[in-house]
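Visitor: I'd like to ask some things about the structure below.
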Amino acid sequence: MNSVVSAPASVATPQAEEVVRLTDVKRRFGATPALDGVSLTVRKGEILGIIGRSGAGKSTLIRCLNGLEQADSGEIHIEGRNITGLSEKDLQPLRRRIGMIFQHFNLLSAKTVEENVALPLKIEGLGKAERLKRAAELLDLVGLSDKAKAYPSSLSGGQKQRVGIARALAARPALLLSDEATSALDPETTRSILALLKDINQKLGLTILLITHEMEVVRSVADRVAVIDAGRIVEEGQVWSVFANPQAPITQRLLSGIRPQLPEHMAARLSQVAGAEQILSIDMAGPAAQGALFADLSQALPQSFRLVHGGIDHIQDQPVARFFIAVPARDASLPEKVQTFLKARGARVEVLGYDANHA
Amino acid sequence: MTPIMLELLVRSLWETILMTGASGIISLVAGLPLGLALVATARGGIAENPWLNSVLGAIVNGFRSVPFIILLVALIPVTRLIVGTALGTWAAIVPLAIAATPYYARIAEVSLREVDRGLIDAVRAMGGNRWTIIREVLVPEAMPGIVAGFTVTLVTLVGASAMAGAIGAGGLGDLAIRYGYQRFETTVMIAVVIVLIVLVCGIQWLGDRLVARLDHK
């Protein structure tokens, strides 16, 4: 979909084993479809971010993966096994292969931190000594060894989510589902929780599927992103490449807060009638964005442009650049030449309009 | 107050404690599962069954609608079947327990219903079954409310046991009615009331302390 440049090497190659495969999954609540034919794969070892506005169907989607919600039709394969139509009893052993963390942590208030972490192992039938040993290891992993005997109510939000993560990992799952896990946390705590998830993904090779409404979350941890809107996946791809070239209008809207936009006062003045300056947007990503583009442009075509706004972001170690420039348009051939030059360098150029009022 | 009266007071206190304690324990043992059943079979519950839920609800409501003094008399055949006699302290425990069980079931139901659904989801997502949910989530999380509700039930039973005097069960209430009220022995009346106040305060204090220890929210 996003073929601006070739995809970089990634942890999860297309050949990698699939942990989750959804085929045309549908789910209705009364007359409203929550999932309207979702097909999706999650590959072993990757972090897939599913983003959408509230009510887009992302919660229903994640809950279908461990059978907390049943799909009406379609197939859901987890580690190659079709789980659609399985009874609650048959789902139980399967759910032990899937850890889950929640927006509101969902820790049991009557149990201590270590008892919470050990609970999945108790369900599995492990002895007490073994359970507590494993719980101690996990609390060490999430940096909360000193809180083993504390009750959840005495912890901060970030600490609670760390306990939630430790608990989700206790039974050594093949897949971790994250249901808006950072939405109730402040930005700093969000960053530390996301760093922990990334760390676990790399250390343990754990596959993670996270749903969120925040692009920032996807940006900082995900390898791939799928955008869901009205129960359908409208866009899917490598995070950096979706960020560099969002196709669906909903993706563009979700990204608007995080990508450079034409400053409002300029956007308001924009006209489609030819005027003094032509305003262009330039998008570049990957290797194409690494050259000295503007230096080269001003050398090839002196005085040909004015830099208006923009910047370079780095996503998954890939530069993602987006700039706005103004090109003098009194001579119609200059904008033409600038565009040709930029396109030759691998940039995606869009003419936004003209600014007639600029001196 | 004469030593005989004092002895009578002590004996009545013991009868009240016996009636309250025994019927309280029975209402706990029977009412908590009944409360769990009401929550589990309710719409969206872990063992959804609207039909069973309305049957249980109707039975609970039925028993709760009958005034205790009428239940006391109406249950005489049942009491005779279970205890062998319809008179005395032990005979009073049967109607007291039968009245307290649906009462406590409703109180327990409220506490159990207030357990966050997210916690049930979390344990389901771990692969827990219904029994795990009951044992690890519903009962422990609702425990402060279950204990507080049991305290309320015990205090209510202290009051209800006064009426059990009607079938010769004895107890403090009966003493107050027969001596204090019918024979105008104001001293006995005052003594009984003071003992009852101390008893009720003691139950409430113990209950509150236990709740404070159990509550980690």
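Order determines the names: the first chain of the structure tokens is A, the second B, and so forth; residues in each chain are numbered 1 upward, and ligands are numbered 1 upward as they are shown.
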Near chain A, which residues of chain B fall within 7 Å when you count only C-alpha atoms, and what do they look like as JSON, numbers by chain?
Guide: {"B": [118, 119, 122, 125, 126, 127, 128, 140, 141, 216, 217]}
Visitor: Leaving out Ser12 (chain B) and any residue of its chain fewer than 4 positions from it, which residues lie within 10 Å of it when counting only C-alpha atoms, given as a short mmCIF file (atom, residue, chain, number, x, y, z; two decimals) with C-alpha atoms, in the first residue's frame?
Guide:
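Listed below is the output, out_34.cif:
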```cif
data_model
loop_
_atom_site.label_atom_id
_atom_site.label_comp_id
_atom_site.auth_asym_id
_atom_site.auth_seq_id
_atom_site.Cartn_x
_atom_site.Cartn_y
_atom_site.Cartn_z
CA LEU B 6 -30.31 -11.82 87.54
CA GLU B 7 -30.12 -15.53 86.81
CA LEU B 8 -33.15 -15.15 84.53
CA THR B 16 -30.82 -14.79 72.59
CA ILE B 17 -27.19 -15.42 71.72
CA LEU B 18 -28.00 -19.03 70.87
CA ALA B 169 -38.32 -19.66 72.96
CA GLY B 170 -37.27 -17.36 75.78
CA GLY B 171 -34.57 -14.81 75.18
CA LEU B 172 -34.15 -11.19 76.22
CA GLY B 173 -37.10 -9.89 74.22
CA ASP B 174 -39.43 -12.40 75.81
CA LEU B 175 -38.10 -11.45 79.26
CA ALA B 176 -38.74 -7.77 78.57
CA VAL B 192 -32.91 -5.94 79.44
#
```
Visitor: Excluding same-chain residues fewer than 6 positions from region 47-55 of chain A, what lies within 9 Å of it counting only C-alpha atoms, as a PyMOL selection string?
Guide: chain A and resi 12+34+198+201+206-215+217-219+221-231+233+239+250-251+254
Visitor: I want to know what sits within 12 Å of Asp140 (chain A), based on only C-alpha atoms, with residues of the same chain fewer than 3 positions away left out; could you give that as a list in words?
Guide: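 Residues meeting the cut-off are Glu114, Val117, Lys133, Arg134, Ala135, Ala136, Glu137, Gly143, Leu144, Ser145, Asp146, Lys147, Ala148, Arg162, Val163, Ile165 and Ala166 of chain A.
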Visitor: For the strand (DSSP E) assignment from backbone DSSP, which residues of region 97-324 of chain A qualify? Please present them as an MDAnalysis selection string.
Guide: chainID A and resid 98:102 175:179 207:212 224:229 232:238 277:285 306:315 318:324
Visitor: Taking the backbone alone, and naming residues the way the document does, which bits of region 10-207 of chain B are alpha helix (DSSP H) by DSSP, as a PyMOL selection string?
Guide: chain B and resi 10-41+50-65+68-74+76-83+89-113+117-125+130-132+139-160+172-175+186-207
Visitor: Find the residues around Gly88 (chain B) up to 10 Å (only C-alpha atoms counted), leave out those fewer than 5 positions away in its own chain, and share them as a VMD selection string.
Guide: chain B and resid 15 93 164 to 171
Visitor: Write out as a PyMOL selection string each polymer residue whose atoms come within 10 Å of Leu40 (chain A), counting only C-alpha atoms; drop sequence neighbours fewer than 3 positions from it.
Guide: chain A and resi 20-25+37+43+76+226+233+236
Visitor: Which residues are near Leu72 (chain B)? Cut-off 9 Å, only C-alpha atoms, ignore same chain within fewer than 5 positions. Put them as a PyMOL selection string.
Guide: chain B and resi 67+92+94-96+99+163-164+166-167
Visitor: So how many Å separate CA of Thr20 (chain B) and CA of Ala142 (chain B), to one decimal?
Guide: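 CA of Thr20 (chain B) sits 23.4 Å away from CA of Ala142 (chain B).
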Visitor: My list of candidates is A:Asp179, A:Asp331, A:Glu350, A:Asp283. Which is closest to Pro319 (chain A) when distances are computed with only C-alpha atoms?
Guide: A:Asp283
Visitor: When you count only C-alpha atoms, which of these residues is closest to Val200 (chain B): B:Ala105, B:Ser65, B:Thr89, B:Thr153?
Guide: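 Answer, going by the shortest atom-to-atom distance: B:Thr153.
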Visitor: Which value, in Å to one decimal, gives the distance between CA of Phe184 (chain B) and CA of Pro3 (chain B)?
Guide: 18.4 Å
